[in-house]
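J.: As input, take my_file_15.cif (mmCIF, C-alpha atoms):
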data_target
#
loop_
_atom_site.label_atom_id
_atom_site.label_comp_id
_atom_site.auth_asym_id
_atom_site.auth_seq_id
_atom_site.Cartn_x
_atom_site.Cartn_y
_atom_site.Cartn_z
CA MET Z 1 -11.83 -14.59 6.86
CA ALA Z 2 -9.43 -11.78 7.68
CA HIS Z 3 -11.25 -9.17 9.71
CA TYR Z 4 -9.25 -6.26 11.05
CA HIS Z 5 -9.22 -5.84 14.80
CA HIS Z 6 -6.90 -2.89 15.26
CA ILE Z 7 -6.50 -0.17 12.62
CA LEU Z 8 -3.74 2.40 12.96
CA ILE Z 9 -3.84 5.74 11.17
CA ALA Z 10 -0.34 6.97 10.38
CA ALA Z 11 -1.12 10.67 10.18
CA ASP Z 12 0.85 13.42 8.65
CA PHE Z 13 -0.56 16.91 8.35
CA SER Z 14 -1.06 17.01 4.60
CA GLU Z 15 -3.70 19.18 3.12
CA ASN Z 16 -5.85 16.19 2.22
CA ASN Z 17 -5.44 14.20 5.37
CA GLU Z 18 -9.23 14.07 5.73
CA GLN Z 19 -9.40 11.33 3.13
CA VAL Z 20 -7.15 9.11 5.22
CA LEU Z 21 -9.08 9.78 8.41
CA GLU Z 22 -12.45 9.15 6.80
CA GLN Z 23 -11.45 5.93 5.17
CA ALA Z 24 -9.83 4.59 8.34
CA ALA Z 25 -12.87 5.54 10.40
CA MET Z 26 -15.20 3.85 7.94
CA LEU Z 27 -13.15 0.65 7.95
CA ALA Z 28 -13.00 0.67 11.74
CA ARG Z 29 -16.80 0.91 11.89
CA GLU Z 30 -17.27 -1.82 9.31
CA HIS Z 31 -14.85 -4.16 11.04
CA ASN Z 32 -15.84 -3.10 14.54
CA ALA Z 33 -12.11 -2.52 15.06
CA GLN Z 34 -10.12 -0.52 17.56
CA LEU Z 35 -8.98 2.72 15.90
CA SER Z 36 -5.68 4.35 16.86
CA ILE Z 37 -3.65 7.19 15.48
CA CYS Z 38 0.06 7.90 15.44
CA HIS Z 39 2.29 10.66 14.19
CA ILE Z 40 6.05 10.64 14.05
CA VAL Z 41 7.75 14.00 14.34
CA GLU Z 42 10.78 13.73 12.10
CA ASP Z 43 14.13 14.17 13.69
CA TYR Z 44 15.31 16.43 10.90
CA PRO Z 45 12.31 18.35 9.66
CA LEU Z 46 14.38 20.78 7.64
CA THR Z 47 16.83 19.31 5.20
CA ASP Z 48 18.46 20.54 2.06
CA PHE Z 49 18.52 18.65 -1.22
CA ALA Z 50 21.42 16.47 -0.16
CA TYR Z 51 19.47 15.46 2.94
CA GLU Z 52 21.79 17.24 5.31
CA PRO Z 53 20.07 18.81 8.29
CA MET Z 54 19.95 22.56 7.84
CA ILE Z 55 19.30 23.18 11.49
CA SER Z 56 20.25 21.11 14.46
CA ILE Z 57 17.42 20.37 16.83
CA ASP Z 58 18.05 21.09 20.48
CA SER Z 59 15.99 19.64 23.29
CA GLU Z 60 13.81 22.74 23.57
CA MET Z 61 12.88 22.68 19.89
CA ARG Z 62 12.33 18.94 20.08
CA GLU Z 63 9.88 19.46 22.94
CA MET Z 64 8.11 22.22 21.06
CA LEU Z 65 7.72 20.11 17.91
CA LEU Z 66 6.46 17.17 19.92
CA GLU Z 67 3.91 19.30 21.74
CA SER Z 68 2.71 20.82 18.49
CA GLY Z 69 2.35 17.34 16.97
CA LYS Z 70 0.44 16.12 20.01
CA LYS Z 71 -1.99 19.02 19.81
CA GLN Z 72 -2.66 18.47 16.13
CA ILE Z 73 -3.15 14.74 16.60
CA ALA Z 74 -5.43 15.33 19.57
CA ALA Z 75 -7.60 17.58 17.38
CA LEU Z 76 -7.84 14.89 14.68
CA ALA Z 77 -8.41 12.15 17.25
CA ASP Z 78 -11.19 14.18 18.80
CA LYS Z 79 -13.12 14.17 15.52
CA LEU Z 80 -12.87 10.38 15.38
CA ASN Z 81 -13.50 9.71 19.07
CA ILE Z 82 -10.09 8.17 19.55
CA ALA Z 83 -9.18 8.10 23.24
CA GLU Z 84 -5.92 9.63 24.41
CA ALA Z 85 -4.50 6.20 25.23
CA GLN Z 86 -4.76 5.33 21.52
CA GLN Z 87 -2.82 8.37 20.33
CA TRP Z 88 0.91 8.00 19.90
CA VAL Z 89 3.08 10.93 18.95
CA GLU Z 90 6.79 10.27 18.95
CA PHE Z 91 9.99 11.87 17.87
CA GLY Z 92 11.83 9.70 15.38
CA ASN Z 93 11.93 8.26 11.90
CA PRO Z 94 8.47 7.72 10.33
CA ARG Z 95 9.73 4.86 8.18
CA HIS Z 96 10.75 2.81 11.18
CA ASP Z 97 8.59 4.06 13.97
CA ILE Z 98 5.18 3.63 12.34
CA VAL Z 99 6.00 -0.06 11.87
CA LYS Z 100 7.40 -0.28 15.41
CA ILE Z 101 4.22 1.18 16.91
CA ALA Z 102 2.07 -1.13 14.78
CA ASN Z 103 3.99 -4.16 16.00
CA GLU Z 104 3.92 -3.11 19.64
CA HIS Z 105 0.16 -2.70 19.60
CA GLN Z 106 -0.86 -5.71 17.49
CA VAL Z 107 -2.15 -3.52 14.69
CA ASP Z 108 -3.38 -5.53 11.70
CA LEU Z 109 -3.98 -2.66 9.26
CA ILE Z 110 -2.04 0.57 8.83
CA VAL Z 111 -3.84 3.33 6.89
CA LEU Z 112 -1.78 6.17 5.50
CA GLY Z 113 -1.79 8.78 2.78
CA SER Z 114 0.17 8.24 -0.37
CA HIS Z 115 1.57 11.13 -2.35
CA GLY Z 116 2.41 10.49 -5.96
CA ARG Z 117 6.14 10.40 -6.47
CA HIS Z 118 7.91 11.20 -9.64
CA GLY Z 119 11.49 11.62 -10.74
CA TRP Z 120 14.03 11.86 -7.97
CA LYS Z 121 11.38 11.56 -5.27
CA LEU Z 122 10.48 8.15 -6.62
CA LEU Z 123 14.10 7.07 -6.42
CA LEU Z 124 14.38 8.26 -2.87
CA GLY Z 125 11.24 6.43 -1.94
CA SER Z 126 8.68 7.54 0.60
CA THR Z 127 7.29 6.77 4.00
CA ALA Z 128 4.39 4.85 2.45
CA ASN Z 129 6.82 2.72 0.50
CA ALA Z 130 9.04 2.00 3.49
CA VAL Z 131 6.05 1.11 5.66
CA LEU Z 132 4.73 -1.14 2.91
CA HIS Z 133 7.99 -3.04 2.77
CA HIS Z 134 8.67 -3.36 6.46
CA SER Z 135 5.30 -3.72 8.11
CA GLU Z 136 4.20 -7.12 9.32
CA CYS Z 137 0.57 -6.27 8.70
CA ASP Z 138 -1.59 -5.03 5.81
CA VAL Z 139 -1.21 -1.48 4.55
CA LEU Z 140 -3.91 0.64 2.92
CA ALA Z 141 -2.45 3.57 1.02
CA ILE Z 142 -4.96 6.30 0.30
CA ARG Z 143 -4.10 8.25 -2.82
CA LEU Z 144 -4.19 11.89 -1.76
CA LYS Z 145 -5.72 14.10 -4.40
CA LYS Z 146 -4.29 17.34 -5.70
CA VAL Z 147 -0.80 16.85 -4.32
CA MET S 1 -17.59 9.12 2.66
CA ALA S 2 -15.31 7.19 0.34
CA HIS S 3 -16.99 3.95 -0.59
CA TYR S 4 -15.30 1.73 -3.13
CA HIS S 5 -17.25 0.96 -6.25
CA HIS S 6 -14.79 -1.11 -8.24
CA ILE S 7 -12.13 -3.25 -6.60
CA LEU S 8 -9.38 -4.82 -8.72
CA ILE S 9 -7.36 -7.80 -7.55
CA ALA S 10 -3.87 -7.73 -9.02
CA ALA S 11 -3.14 -11.43 -8.81
CA ASP S 12 0.11 -13.23 -8.97
CA PHE S 13 0.35 -16.93 -8.29
CA SER S 14 2.12 -16.81 -4.96
CA GLU S 15 1.67 -19.56 -2.48
CA ASN S 16 -0.41 -17.33 -0.19
CA ASN S 17 -2.54 -15.66 -2.80
CA GLU S 18 -5.63 -16.82 -0.91
CA GLN S 19 -5.20 -14.01 1.59
CA VAL S 20 -5.41 -11.42 -1.17
CA LEU S 21 -8.45 -13.02 -2.75
CA GLU S 22 -10.31 -13.37 0.54
CA GLN S 23 -9.66 -9.82 1.64
CA ALA S 24 -10.66 -8.37 -1.72
CA ALA S 25 -13.83 -10.47 -1.79
CA MET S 26 -14.75 -9.38 1.73
CA LEU S 27 -14.25 -5.71 0.88
CA ALA S 28 -16.28 -6.08 -2.30
CA ARG S 29 -19.15 -7.54 -0.30
CA GLU S 30 -18.94 -4.86 2.37
CA HIS S 31 -18.84 -2.05 -0.17
CA ASN S 32 -21.23 -3.74 -2.58
CA ALA S 33 -18.53 -3.13 -5.17
CA GLN S 34 -17.78 -4.63 -8.55
CA LEU S 35 -14.91 -7.12 -8.19
CA SER S 36 -12.43 -7.67 -11.01
CA ILE S 37 -9.17 -9.55 -11.33
CA CYS S 38 -6.12 -9.00 -13.47
CA HIS S 39 -2.82 -10.73 -14.02
CA ILE S 40 0.10 -9.48 -16.02
CA VAL S 41 2.31 -12.10 -17.59
CA GLU S 42 5.78 -10.64 -17.47
CA ASP S 43 7.57 -10.15 -20.71
CA TYR S 44 10.77 -11.64 -19.34
CA PRO S 45 9.80 -14.30 -16.85
CA LEU S 46 13.28 -15.76 -16.65
CA THR S 47 16.08 -13.37 -15.87
CA ASP S 48 19.48 -13.75 -14.37
CA PHE S 49 20.79 -11.70 -11.47
CA ALA S 50 21.70 -8.78 -13.69
CA TYR S 51 18.15 -8.72 -15.04
CA GLU S 52 19.13 -9.83 -18.48
CA PRO S 53 16.63 -12.12 -20.14
CA MET S 54 17.98 -15.65 -20.12
CA ILE S 55 15.63 -16.76 -22.83
CA SER S 56 14.02 -14.79 -25.55
CA ILE S 57 10.31 -15.21 -25.83
CA ASP S 58 8.92 -16.06 -29.20
CA SER S 59 5.30 -15.66 -30.18
CA GLU S 60 4.49 -19.29 -29.52
CA MET S 61 5.87 -19.16 -26.00
CA ARG S 62 4.12 -15.87 -25.44
CA GLU S 63 0.82 -17.44 -26.41
CA MET S 64 1.47 -20.41 -24.16
CA LEU S 65 2.26 -18.22 -21.15
CA LEU S 66 -0.79 -16.09 -21.75
CA GLU S 67 -3.06 -19.12 -22.02
CA SER S 68 -1.64 -20.58 -18.85
CA GLY S 69 -2.18 -17.27 -17.04
CA LYS S 70 -5.75 -17.05 -18.30
CA LYS S 71 -6.52 -20.57 -17.07
CA GLN S 72 -5.12 -19.88 -13.63
CA ILE S 73 -6.97 -16.58 -13.34
CA ALA S 74 -10.19 -18.20 -14.53
CA ALA S 75 -9.85 -20.78 -11.75
CA LEU S 76 -9.38 -18.05 -9.14
CA ALA S 77 -12.16 -15.92 -10.61
CA ASP S 78 -14.49 -18.90 -10.50
CA LYS S 79 -14.09 -19.19 -6.73
CA LEU S 80 -15.06 -15.53 -6.36
CA ASN S 81 -17.86 -15.49 -8.95
CA ILE S 82 -16.04 -12.98 -11.12
CA ALA S 83 -17.47 -13.00 -14.65
CA GLU S 84 -15.16 -13.51 -17.61
CA ALA S 85 -15.67 -9.91 -18.72
CA GLN S 86 -14.05 -8.78 -15.46
CA GLN S 87 -10.92 -10.88 -15.92
CA TRP S 88 -7.96 -9.27 -17.64
CA VAL S 89 -4.83 -11.23 -18.40
CA GLU S 90 -2.23 -9.40 -20.42
CA PHE S 91 1.34 -9.74 -21.52
CA GLY S 92 3.42 -6.84 -20.31
CA ASN S 93 4.99 -5.09 -17.36
CA PRO S 94 3.09 -5.56 -14.07
CA ARG S 95 4.33 -2.25 -12.71
CA HIS S 96 2.74 -0.29 -15.51
CA ASP S 97 -0.08 -2.46 -16.71
CA ILE S 98 -1.87 -3.00 -13.40
CA VAL S 99 -2.19 0.78 -13.08
CA LYS S 100 -3.22 1.08 -16.73
CA ILE S 101 -5.99 -1.49 -16.33
CA ALA S 102 -7.16 0.21 -13.13
CA ASN S 103 -7.39 3.57 -14.89
CA GLU S 104 -9.16 2.17 -17.92
CA HIS S 105 -11.86 0.56 -15.82
CA GLN S 106 -12.43 3.27 -13.19
CA VAL S 107 -11.07 1.09 -10.40
CA ASP S 108 -10.97 2.88 -7.06
CA LEU S 109 -9.12 0.25 -5.03
CA ILE S 110 -6.35 -2.11 -6.11
CA VAL S 111 -5.74 -5.08 -3.80
CA LEU S 112 -2.46 -6.94 -4.13
CA GLY S 113 -0.08 -9.10 -2.18
CA SER S 114 3.01 -7.61 -0.66
CA HIS S 115 6.13 -9.68 -0.15
CA GLY S 116 8.58 -8.45 2.42
CA ARG S 117 11.68 -7.14 0.73
CA HIS S 118 15.09 -6.99 2.24
CA GLY S 119 18.57 -6.14 1.08
CA TRP S 120 18.97 -5.81 -2.64
CA LYS S 121 15.37 -6.69 -3.33
CA LEU S 122 14.34 -3.62 -1.35
CA LEU S 123 16.59 -1.46 -3.48
CA LEU S 124 15.18 -2.87 -6.66
CA GLY S 125 11.67 -2.21 -5.46
CA SER S 126 8.67 -4.35 -6.21
CA THR S 127 5.43 -4.41 -8.11
CA ALA S 128 3.49 -3.38 -4.99
CA ASN S 129 5.77 -0.39 -4.56
CA ALA S 130 5.52 0.70 -8.18
CA VAL S 131 1.74 0.35 -8.16
CA LEU S 132 1.57 2.33 -4.94
CA HIS S 133 3.50 5.18 -6.49
CA HIS S 134 1.82 5.31 -9.84
CA SER S 135 -1.79 4.39 -9.24
CA GLU S 136 -4.40 7.10 -9.24
CA CYS S 137 -6.52 5.19 -6.76
CA ASP S 138 -6.12 3.63 -3.31
CA VAL S 139 -3.98 0.53 -2.88
CA LEU S 140 -4.41 -2.17 -0.24
CA ALA S 141 -1.27 -4.24 0.18
CA ILE S 142 -1.89 -7.55 1.90
CA ARG S 143 1.16 -8.77 3.77
CA LEU S 144 1.69 -12.33 2.57
CA LYS S 145 2.72 -14.62 5.37
CA LYS S 146 5.57 -17.11 5.30
CA VAL S 147 7.31 -15.70 2.25
#
Could you show the structure in this file as structure tokens?
T.:
Amino acid sequence: MAHYHHILIAADFSENNEQVLEQAAMLAREHNAQLSICHIVEDYPLTDFAYEPMISIDSEMREMLLESGKKQIAALADKLNIAEAQQWVEFGNPRHDIVKIANEHQVDLIVLGSHGRHGWKLLLGSTANAVLHHSECDVLAIRLKKV
Amino acid sequence: MAHYHHILIAADFSENNEQVLEQAAMLAREHNAQLSICHIVEDYPLTDFAYEPMISIDSEMREMLLESGKKQIAALADKLNIAEAQQWVEFGNPRHDIVKIANEHQVDLIVLGSHGRHGWKLLLGSTANAVLHHSECDVLAIRLKKV
């Protein structure tokens, strides 16, 4: 029987993030599993349609974005009683780094929000899709409402 | 708190299907949820690399494939005590019809197996990916081992 031992929330700061947090917390309780949370601050947060960076990120801005991400994650983690040692906020590429963190910490279930994708967004894919394809563990995609 | 009321297994007949069945059954028990199972027999089961049908399917072959699918699903459903009324085997396109069945029956969680995809298979996407993007409910993708 496959019980989950370590559940990782891959958090973004969507409007309906609560759904993801609640579901992950419930599963962690049911499975008596370790609950962790990660957030990847994207290297190029501002891009134009052609996916060219519109601004270059210097080290100061990088630090600022990382700090802001850490504060937001800490606030979410606090609600769920996730210790600081189980919070990982990194600068990088969400598609790769969520899976990397999951592998490094023997996560067996990643929980993330899934936005509906249509038209060109579907073609370009999404973080949820990339994580689904590359993760070595199970993935629970929570359909975010009203997005 | 988001409890699942109706869990749908989207079954294929992969070697490691057991993982999907076990996980779905466990979740159904934990959530005291209705458990259902579906399988979509693909319209063009035999295609060449360019995705052209290599054989055309006549009505007799269609019937044969459908019957075979129903028998296999019935065998799986039997192990999980899923009544016949909760088994849906259809001829069609898995990417669309799994989501359609889920919507029609107020499913709030789809459980399916996820095969790792690399190279051109990643570009072409997969059923799990398409379901993830188009479903109106949550999706749990079980990473199938040794595929």
J.: Using 8 Å as the limit and counting all atoms listed in the file, can you tabulate each residue of chain S that touches chain Z, with its shortest atom-to-atom distance in Å and the two atoms involved, as JSON lines?
T.:
{"residue": "S:Met1", "atom": "CA", "partner": "Z:Glu22", "partner_atom": "CA", "distance": 6.6}
{"residue": "S:Ala2", "atom": "CA", "partner": "Z:Gln23", "partner_atom": "CA", "distance": 6.3}
{"residue": "S:Gln19", "atom": "CA", "partner": "Z:Ala2", "partner_atom": "CA", "distance": 7.7}
{"residue": "S:Glu22", "atom": "CA", "partner": "Z:Met1", "partner_atom": "CA", "distance": 6.6}
{"residue": "S:Gln23", "atom": "CA", "partner": "Z:Ala2", "partner_atom": "CA", "distance": 6.4}
{"residue": "S:Met26", "atom": "CA", "partner": "Z:Met1", "partner_atom": "CA", "distance": 7.9}
{"residue": "S:Glu30", "atom": "CA", "partner": "Z:Glu30", "partner_atom": "CA", "distance": 7.8}
{"residue": "S:Ser114", "atom": "CA", "partner": "Z:His133", "partner_atom": "CA", "distance": 7.6}
{"residue": "S:His115", "atom": "CA", "partner": "Z:His133", "partner_atom": "CA", "distance": 7.5}
{"residue": "S:Gly116", "atom": "CA", "partner": "Z:His133", "partner_atom": "CA", "distance": 5.5}
{"residue": "S:Arg117", "atom": "CA", "partner": "Z:His133", "partner_atom": "CA", "distance": 5.9}
{"residue": "S:Leu122", "atom": "CA", "partner": "Z:His133", "partner_atom": "CA", "distance": 7.6}
{"residue": "S:Asn129", "atom": "CA", "partner": "Z:Asn129", "partner_atom": "CA", "distance": 6.0}
{"residue": "S:Leu132", "atom": "CA", "partner": "Z:Ala141", "partner_atom": "CA", "distance": 7.3}
{"residue": "S:His133", "atom": "CA", "partner": "Z:Gly116", "partner_atom": "CA", "distance": 5.4}
{"residue": "S:His134", "atom": "CA", "partner": "Z:Gly116", "partner_atom": "CA", "distance": 6.5}
{"residue": "S:Ser135", "atom": "CA", "partner": "Z:Arg143", "partner_atom": "CA", "distance": 7.8}
{"residue": "S:Glu136", "atom": "CA", "partner": "Z:Arg143", "partner_atom": "CA", "distance": 6.5}
{"residue": "S:Cys137", "atom": "CA", "partner": "Z:Arg143", "partner_atom": "CA", "distance": 5.5}
{"residue": "S:Asp138", "atom": "CA", "partner": "Z:Ile142", "partner_atom": "CA", "distance": 4.6}
{"residue": "S:Val139", "atom": "CA", "partner": "Z:Ala141", "partner_atom": "CA", "distance": 5.2}
{"residue": "S:Leu140", "atom": "CA", "partner": "Z:Leu140", "partner_atom": "CA", "distance": 4.3}
{"residue": "S:Ala141", "atom": "CA", "partner": "Z:Val139", "partner_atom": "CA", "distance": 5.2}
{"residue": "S:Ile142", "atom": "CA", "partner": "Z:Asp138", "partner_atom": "CA", "distance": 4.7}
{"residue": "S:Arg143", "atom": "CA", "partner": "Z:Asp138", "partner_atom": "CA", "distance": 5.1}
J.: Measuring atom to atom with all atoms listed in the file, identify which of S:Tyr4, S:Ile40, S:Asp97, S:Leu112 is nearest to Gln72 (chain S).
T.: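 Ranking S:Tyr4, S:Ile40, S:Asp97, S:Leu112 by distance to Gln72 (chain S), first place goes to S:Ile40.
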J.: Using all C-alpha atoms paired in order, least-squares fit chain Z onto chain S and give me the moved copy as an mmCIF file with C-alpha atoms, keeping the file's coordinate frame.
T.:
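Below is the file selection-v6.cif, written as the result:
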data_model
loop_
_atom_site.group_PDB
_atom_site.id
_atom_site.type_symbol
_atom_site.label_atom_id
_atom_site.label_comp_id
_atom_site.auth_asym_id
_atom_site.auth_seq_id
_atom_site.Cartn_x
_atom_site.Cartn_y
_atom_site.Cartn_z
ATOM 1 C CA MET Z 1 -17.542 9.170 2.640
ATOM 2 C CA ALA Z 2 -15.280 7.221 0.314
ATOM 3 C CA HIS Z 3 -16.967 3.968 -0.592
ATOM 4 C CA TYR Z 4 -15.270 1.742 -3.128
ATOM 5 C CA HIS Z 5 -17.237 0.973 -6.256
ATOM 6 C CA HIS Z 6 -14.786 -1.097 -8.257
ATOM 7 C CA ILE Z 7 -12.108 -3.255 -6.614
ATOM 8 C CA LEU Z 8 -9.379 -4.812 -8.726
ATOM 9 C CA ILE Z 9 -7.361 -7.802 -7.560
ATOM 10 C CA ALA Z 10 -3.863 -7.744 -9.025
ATOM 11 C CA ALA Z 11 -3.146 -11.456 -8.812
ATOM 12 C CA ASP Z 12 0.102 -13.247 -8.967
ATOM 13 C CA PHE Z 13 0.330 -16.955 -8.294
ATOM 14 C CA SER Z 14 2.108 -16.827 -4.956
ATOM 15 C CA GLU Z 15 1.647 -19.571 -2.481
ATOM 16 C CA ASN Z 16 -0.439 -17.364 -0.212
ATOM 17 C CA ASN Z 17 -2.556 -15.683 -2.808
ATOM 18 C CA GLU Z 18 -5.675 -16.825 -0.944
ATOM 19 C CA GLN Z 19 -5.215 -14.037 1.568
ATOM 20 C CA VAL Z 20 -5.411 -11.434 -1.179
ATOM 21 C CA LEU Z 21 -8.465 -13.017 -2.765
ATOM 22 C CA GLU Z 22 -10.311 -13.352 0.525
ATOM 23 C CA GLN Z 23 -9.669 -9.832 1.633
ATOM 24 C CA ALA Z 24 -10.670 -8.372 -1.734
ATOM 25 C CA ALA Z 25 -13.835 -10.462 -1.798
ATOM 26 C CA MET Z 26 -14.753 -9.375 1.711
ATOM 27 C CA LEU Z 27 -14.238 -5.702 0.881
ATOM 28 C CA ALA Z 28 -16.266 -6.061 -2.304
ATOM 29 C CA ARG Z 29 -19.154 -7.534 -0.302
ATOM 30 C CA GLU Z 30 -18.930 -4.854 2.363
ATOM 31 C CA HIS Z 31 -18.831 -2.046 -0.173
ATOM 32 C CA ASN Z 32 -21.223 -3.723 -2.587
ATOM 33 C CA ALA Z 33 -18.502 -3.113 -5.184
ATOM 34 C CA GLN Z 34 -17.764 -4.605 -8.567
ATOM 35 C CA LEU Z 35 -14.913 -7.112 -8.198
ATOM 36 C CA SER Z 36 -12.429 -7.674 -11.023
ATOM 37 C CA ILE Z 37 -9.191 -9.546 -11.345
ATOM 38 C CA CYS Z 38 -6.127 -9.007 -13.487
ATOM 39 C CA HIS Z 39 -2.837 -10.752 -14.019
ATOM 40 C CA ILE Z 40 0.086 -9.500 -16.031
ATOM 41 C CA VAL Z 41 2.296 -12.139 -17.586
ATOM 42 C CA GLU Z 42 5.775 -10.673 -17.441
ATOM 43 C CA ASP Z 43 7.556 -10.164 -20.684
ATOM 44 C CA TYR Z 44 10.761 -11.622 -19.310
ATOM 45 C CA PRO Z 45 9.809 -14.272 -16.802
ATOM 46 C CA LEU Z 46 13.308 -15.680 -16.579
ATOM 47 C CA THR Z 47 16.073 -13.253 -15.815
ATOM 48 C CA ASP Z 48 19.485 -13.560 -14.301
ATOM 49 C CA PHE Z 49 20.778 -11.427 -11.453
ATOM 50 C CA ALA Z 50 21.672 -8.546 -13.730
ATOM 51 C CA TYR Z 51 18.111 -8.545 -15.054
ATOM 52 C CA GLU Z 52 19.102 -9.710 -18.493
ATOM 53 C CA PRO Z 53 16.617 -12.050 -20.122
ATOM 54 C CA MET Z 54 17.992 -15.569 -20.084
ATOM 55 C CA ILE Z 55 15.631 -16.737 -22.766
ATOM 56 C CA SER Z 56 14.000 -14.787 -25.512
ATOM 57 C CA ILE Z 57 10.273 -15.251 -25.770
ATOM 58 C CA ASP Z 58 8.915 -16.098 -29.187
ATOM 59 C CA SER Z 59 5.293 -15.690 -30.165
ATOM 60 C CA GLU Z 60 4.483 -19.340 -29.488
ATOM 61 C CA MET Z 61 5.843 -19.208 -25.947
ATOM 62 C CA ARG Z 62 4.111 -15.889 -25.395
ATOM 63 C CA GLU Z 63 0.801 -17.465 -26.401
ATOM 64 C CA MET Z 64 1.416 -20.441 -24.155
ATOM 65 C CA LEU Z 65 2.224 -18.261 -21.135
ATOM 66 C CA LEU Z 66 -0.820 -16.110 -21.754
ATOM 67 C CA GLU Z 67 -3.096 -19.126 -22.025
ATOM 68 C CA SER Z 68 -1.673 -20.612 -18.849
ATOM 69 C CA GLY Z 69 -2.209 -17.300 -17.034
ATOM 70 C CA LYS Z 70 -5.773 -17.083 -18.309
ATOM 71 C CA LYS Z 71 -6.565 -20.577 -17.078
ATOM 72 C CA GLN Z 72 -5.166 -19.900 -13.632
ATOM 73 C CA ILE Z 73 -7.008 -16.599 -13.343
ATOM 74 C CA ALA Z 74 -10.229 -18.197 -14.544
ATOM 75 C CA ALA Z 75 -9.906 -20.792 -11.763
ATOM 76 C CA LEU Z 76 -9.427 -18.063 -9.135
ATOM 77 C CA ALA Z 77 -12.200 -15.935 -10.623
ATOM 78 C CA ASP Z 78 -14.530 -18.904 -10.532
ATOM 79 C CA LYS Z 79 -14.138 -19.183 -6.757
ATOM 80 C CA LEU Z 80 -15.093 -15.524 -6.383
ATOM 81 C CA ASN Z 81 -17.878 -15.476 -8.972
ATOM 82 C CA ILE Z 82 -16.063 -12.972 -11.131
ATOM 83 C CA ALA Z 83 -17.486 -12.989 -14.656
ATOM 84 C CA GLU Z 84 -15.184 -13.491 -17.619
ATOM 85 C CA ALA Z 85 -15.680 -9.889 -18.730
ATOM 86 C CA GLN Z 86 -14.056 -8.775 -15.458
ATOM 87 C CA GLN Z 87 -10.929 -10.884 -15.905
ATOM 88 C CA TRP Z 88 -7.977 -9.283 -17.625
ATOM 89 C CA VAL Z 89 -4.848 -11.238 -18.387
ATOM 90 C CA GLU Z 90 -2.249 -9.415 -20.417
ATOM 91 C CA PHE Z 91 1.306 -9.772 -21.514
ATOM 92 C CA GLY Z 92 3.411 -6.879 -20.290
ATOM 93 C CA ASN Z 93 4.993 -5.136 -17.349
ATOM 94 C CA PRO Z 94 3.086 -5.589 -14.050
ATOM 95 C CA ARG Z 95 4.335 -2.270 -12.702
ATOM 96 C CA HIS Z 96 2.747 -0.319 -15.515
ATOM 97 C CA ASP Z 97 -0.068 -2.481 -16.706
ATOM 98 C CA ILE Z 98 -1.868 -3.014 -13.398
ATOM 99 C CA VAL Z 99 -2.172 0.770 -13.087
ATOM 100 C CA LYS Z 100 -3.188 1.068 -16.750
ATOM 101 C CA ILE Z 101 -5.977 -1.490 -16.331
ATOM 102 C CA ALA Z 102 -7.146 0.204 -13.128
ATOM 103 C CA ASN Z 103 -7.360 3.551 -14.891
ATOM 104 C CA GLU Z 104 -9.136 2.168 -17.939
ATOM 105 C CA HIS Z 105 -11.832 0.568 -15.822
ATOM 106 C CA GLN Z 106 -12.381 3.284 -13.200
ATOM 107 C CA VAL Z 107 -11.066 1.094 -10.413
ATOM 108 C CA ASP Z 108 -10.953 2.892 -7.059
ATOM 109 C CA LEU Z 109 -9.098 0.248 -5.029
ATOM 110 C CA ILE Z 110 -6.341 -2.117 -6.118
ATOM 111 C CA VAL Z 111 -5.715 -5.097 -3.805
ATOM 112 C CA LEU Z 112 -2.448 -6.958 -4.135
ATOM 113 C CA GLY Z 113 -0.072 -9.137 -2.182
ATOM 114 C CA SER Z 114 3.024 -7.671 -0.659
ATOM 115 C CA HIS Z 115 6.141 -9.732 -0.139
ATOM 116 C CA GLY Z 116 8.617 -8.488 2.405
ATOM 117 C CA ARG Z 117 11.704 -7.142 0.720
ATOM 118 C CA HIS Z 118 15.100 -6.996 2.226
ATOM 119 C CA GLY Z 119 18.573 -6.118 1.054
ATOM 120 C CA TRP Z 120 19.006 -5.805 -2.673
ATOM 121 C CA LYS Z 121 15.371 -6.658 -3.349
ATOM 122 C CA LEU Z 122 14.352 -3.604 -1.375
ATOM 123 C CA LEU Z 123 16.634 -1.436 -3.473
ATOM 124 C CA LEU Z 124 15.219 -2.828 -6.660
ATOM 125 C CA GLY Z 125 11.721 -2.220 -5.449
ATOM 126 C CA SER Z 126 8.700 -4.354 -6.194
ATOM 127 C CA THR Z 127 5.471 -4.429 -8.106
ATOM 128 C CA ALA Z 128 3.531 -3.404 -4.994
ATOM 129 C CA ASN Z 129 5.790 -0.414 -4.549
ATOM 130 C CA ALA Z 130 5.546 0.677 -8.174
ATOM 131 C CA VAL Z 131 1.762 0.322 -8.162
ATOM 132 C CA LEU Z 132 1.593 2.292 -4.928
ATOM 133 C CA HIS Z 133 3.530 5.150 -6.457
ATOM 134 C CA HIS Z 134 1.851 5.293 -9.825
ATOM 135 C CA SER Z 135 -1.754 4.370 -9.229
ATOM 136 C CA GLU Z 136 -4.372 7.088 -9.235
ATOM 137 C CA CYS Z 137 -6.498 5.175 -6.764
ATOM 138 C CA ASP Z 138 -6.097 3.605 -3.310
ATOM 139 C CA VAL Z 139 -3.949 0.519 -2.871
ATOM 140 C CA LEU Z 140 -4.387 -2.183 -0.235
ATOM 141 C CA ALA Z 141 -1.257 -4.271 0.182
ATOM 142 C CA ILE Z 142 -1.871 -7.578 1.902
ATOM 143 C CA ARG Z 143 1.179 -8.813 3.760
ATOM 144 C CA LEU Z 144 1.686 -12.374 2.558
ATOM 145 C CA LYS Z 145 2.736 -14.678 5.348
ATOM 146 C CA LYS Z 146 5.603 -17.128 5.259
ATOM 147 C CA VAL Z 147 7.308 -15.678 2.207
#
J.: Since I can't run it myself right now, could you work out what the PyMOL selection byres ((chain S and resi 93) around 7) selects here and report it as JSON, numbers by chain?
T.: {"S": [40, 42, 43, 92, 94, 95, 96, 97]}
